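Written out below as structure tokens is the structure these notes cover.
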Amino acid sequence: MAAAGRTLLAAALLLAAASMASAARSGHSGEYQTWTGASGSPQSDPRAFHIKYVEDFGYKCEFHQTTTRDGYVLGLFRIPHGASQNSATPGKVAVLQHGLLGSSFGWVVNLPHQSLAYMLADAGYDVWMPNTRGNVFSRNNTHLNPDEEAFWDFSWDDQLELDLPAVYDYVLGETGNSDLVYVGHSQGTTMMFGGLSDPKIAPLLQPRTSHYIALAPVAYVGNTEQQLLKDLADMGVAEQLYKFGVKEWLPDEWILHYIDPVICDVSPTFCQSLLIAFSGCSLRHKNATAVANYLELEPAGTSVKNVVHWSQQVRENSFTMFDYESPEANRQHYNQTDPPKYDLSQIQLPNSTIFFAGGFDTLADPTDVDHLILLMQEATKNDQSKFPYTYKVLDYDHLDFTLADDAYIYVYSKILEHIP
């Protein structure tokens, strides 16, 4: 099928979902949580929805905010201790960083024994789940409004340079800890790879990271088989939107948010078609109701510029800063005609790094992950104790590392074995 045809098919599936959802609004089913807020809609008060979802499982949930050097106000959700505890074990702090178009909600969707956030809390960790600039929980700035184009002038360059250090400063300041366990998924790993490769940013992160856990690690994406991302890159969709002044990618009103969980219970095949069209993933390891709950708030939004940046990486098979696509513009931003590269062969890894990669992952493609591992070999040749330990879950796709209902067996139990 031609690229345009695949994109139209995805659009048709999403429109069908909106029609079906409008015809069948009802509560969540099974052991998963039902939204009973006064407004009746997670979209009208996503913060309350997120907190109630966690609290209904018996865990305390707090909302915090911290401000970056350039004024973005980031929202962080915190589970300060386990369900049967009054406090975390001193010195045990974990940060879970979501991926592209994700949010902190993705870490808490499944049942407590299936979700990393709850498992870490029950293991004595003080768990923090930050949200990158521009998503549904981080749409504030001290001097910019989301209605202004300037608010959306960012990509993952800015998220790794400014968001990550702000999160570290805030979390360690609030807890009094000197370091933390960092778990990143997808773009959450990209941010850490870039940050640890930048000589200006690495000193702010590496000494304060006891363990780096990379779920579906992403740096190079030239071999991606994620069809929607490939089509967007090939067709230059994000670039055209960017040039015509559209700055926000997938706003709050995105129709996937209005899918009723009952739809996924009644027709898992339809729900799987949506997942494949949107993310290249399947329901094989996922609970349909949990996926529908996930889609209440996901995709959580980002900037068009960020999607342009990813499109550039796909086309160029590079790991570089944003390309302003003219020597003059690049010189203005970087004092050189080409965007600077993130040199992963010089990355400053923490003492313990662990990769979890999926054999059916179309975004963190196995070929690109193997290339990343080779670069880690080069980076650790003088200290092989820092070489990442890699687990490969052969039948996992990209979202399974946060949404699979059996990830507690194949991934999370292993994480708990590696960290103190």
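Each chain of the structure tokens is named A, B, ... in the order shown, its residues numbered from 1; ligands are numbered from 1 in display order.
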Tell me which protein, DNA and RNA residues are within 9 Å of segment 90-96 of chain A, counting only C-alpha atoms, leaving out same-chain ones fewer than 3 positions away, and put them as an mmCIF file with C-alpha atoms, in the first residue's frame.
data_model
loop_
_atom_site.group_PDB
_atom_site.id
_atom_site.type_symbol
_atom_site.label_atom_id
_atom_site.label_comp_id
_atom_site.auth_asym_id
_atom_site.auth_seq_id
_atom_site.Cartn_x
_atom_site.Cartn_y
_atom_site.Cartn_z
ATOM 1 C CA SER A 87 7.073 6.065 53.836
ATOM 2 C CA SER A 104 3.276 9.772 33.313
ATOM 3 C CA TRP A 107 3.355 4.010 33.987
ATOM 4 C CA LEU A 116 6.490 -0.759 37.307
ATOM 5 C CA ALA A 117 5.509 2.369 39.264
ATOM 6 C CA LEU A 120 8.836 0.082 42.762
ATOM 7 C CA GLY A 124 10.327 0.825 49.089
ATOM 8 C CA TYR A 125 10.974 3.393 46.367
ATOM 9 C CA ASP A 126 9.815 7.005 46.287
ATOM 10 C CA VAL A 127 8.562 7.041 42.676
ATOM 11 C CA TRP A 128 8.465 10.202 40.531
ATOM 12 C CA MET A 129 6.918 10.375 37.057
ATOM 13 C CA PRO A 130 7.726 13.652 35.252
ATOM 14 C CA VAL A 167 13.584 17.193 37.149
ATOM 15 C CA TYR A 168 16.790 15.951 38.793
ATOM 16 C CA VAL A 171 13.339 15.408 42.857
ATOM 17 C CA LEU A 172 16.682 15.244 44.662
ATOM 18 C CA THR A 175 13.849 13.896 48.783
ATOM 19 C CA GLY A 176 17.260 14.932 50.081
ATOM 20 C CA ASN A 177 18.866 12.144 48.067
ATOM 21 C CA SER A 178 22.195 12.443 46.284
ATOM 22 C CA ASP A 179 21.241 10.137 43.398
ATOM 23 C CA LEU A 180 18.344 8.236 41.826
ATOM 24 C CA VAL A 181 17.387 5.338 39.587
ATOM 25 C CA TYR A 182 16.421 6.605 36.135
ATOM 26 C CA VAL A 183 14.055 4.523 34.003
ATOM 27 C CA GLY A 184 13.383 5.825 30.508
ATOM 28 C CA HIS A 185 11.093 4.481 27.828
ATOM 29 C CA GLY A 188 12.861 8.971 27.637
ATOM 30 C CA PRO A 420 19.166 -2.112 45.436
#
Going by DSSP on the backbone, which residues of segment 34-178 of chain A come out as strand (DSSP E)? List them as a ChimeraX atom specification. /A:62-67,72-79,93-97,126-130,140-141
Exercise: Gln159 of chain A partners within 12 Å, only C-alpha atoms, chain neighbours under 3 positions left out, as number ranges by chain: A: 68-70, 72, 74, 97-100, 130-135, 138, 153-156, 162-167, 187-195, 201, 302-303, 306, 321
How would the residues just chosen look if you wrote them out with C-alpha atoms as a PDB file, in the first residue's frame?
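Below you can see out-v3.pdb, which holds the result:
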ATOM      1  CA  THR A  68      12.947  24.915  33.793  1.00  0.00           C
ATOM      2  CA  ARG A  69      15.524  27.632  33.140  1.00  0.00           C
ATOM      3  CA  ASP A  70      13.505  28.796  30.122  1.00  0.00           C
ATOM      4  CA  TYR A  72       8.403  25.718  31.222  1.00  0.00           C
ATOM      5  CA  LEU A  74       6.677  20.653  34.275  1.00  0.00           C
ATOM      6  CA  GLN A  97      10.427   9.153  32.130  1.00  0.00           C
ATOM      7  CA  HIS A  98       7.828   8.556  29.426  1.00  0.00           C
ATOM      8  CA  GLY A  99       8.412   8.492  25.679  1.00  0.00           C
ATOM      9  CA  LEU A 100       7.318  10.511  22.655  1.00  0.00           C
ATOM     10  CA  PRO A 130       7.726  13.652  35.252  1.00  0.00           C
ATOM     11  CA  ASN A 131       6.103  14.995  32.091  1.00  0.00           C
ATOM     12  CA  THR A 132       8.068  16.711  29.352  1.00  0.00           C
ATOM     13  CA  ARG A 133       7.224  20.195  28.171  1.00  0.00           C
ATOM     14  CA  GLY A 134       4.135  20.518  26.012  1.00  0.00           C
ATOM     15  CA  ASN A 135       2.225  17.416  27.047  1.00  0.00           C
ATOM     16  CA  SER A 138       3.148  20.401  31.296  1.00  0.00           C
ATOM     17  CA  ASP A 153       9.481  26.078  19.710  1.00  0.00           C
ATOM     18  CA  PHE A 154      11.147  23.001  21.183  1.00  0.00           C
ATOM     19  CA  SER A 155      12.281  19.467  20.374  1.00  0.00           C
ATOM     20  CA  TRP A 156      13.888  16.697  22.390  1.00  0.00           C
ATOM     21  CA  LEU A 162      16.518  21.744  30.174  1.00  0.00           C
ATOM     22  CA  ASP A 163      13.755  19.385  31.334  1.00  0.00           C
ATOM     23  CA  LEU A 164      15.937  16.544  32.623  1.00  0.00           C
ATOM     24  CA  PRO A 165      18.231  18.700  34.821  1.00  0.00           C
ATOM     25  CA  ALA A 166      15.184  20.527  36.215  1.00  0.00           C
ATOM     26  CA  VAL A 167      13.584  17.193  37.149  1.00  0.00           C
ATOM     27  CA  GLN A 187      12.223   9.073  23.895  1.00  0.00           C
ATOM     28  CA  GLY A 188      12.861   8.971  27.637  1.00  0.00           C
ATOM     29  CA  THR A 189      15.996   6.981  26.759  1.00  0.00           C
ATOM     30  CA  THR A 190      16.836   9.353  23.892  1.00  0.00           C
ATOM     31  CA  MET A 191      16.885  12.237  26.347  1.00  0.00           C
ATOM     32  CA  MET A 192      19.301  10.390  28.620  1.00  0.00           C
ATOM     33  CA  PHE A 193      21.543   9.198  25.772  1.00  0.00           C
ATOM     34  CA  GLY A 194      21.800  12.756  24.480  1.00  0.00           C
ATOM     35  CA  GLY A 195      22.278  14.255  27.921  1.00  0.00           C
ATOM     36  CA  ILE A 201      24.827  18.277  30.490  1.00  0.00           C
ATOM     37  CA  THR A 302       4.122  17.471  21.851  1.00  0.00           C
ATOM     38  CA  SER A 303       5.360  20.109  19.421  1.00  0.00           C
ATOM     39  CA  ASN A 306       9.724  17.673  17.917  1.00  0.00           C
ATOM     40  CA  MET A 321      20.537  18.172  17.166  1.00  0.00           C
TER      41      MET A 321
END
For Val304 of chain A, please output as a list in words all residues within 6 Å (counting only C-alpha atoms; exclusion window: fewer than 3 positions along the same chain).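 Surrounding residues, per the criterion: Lys247, Glu248, Trp249 and Val307 of chain A.
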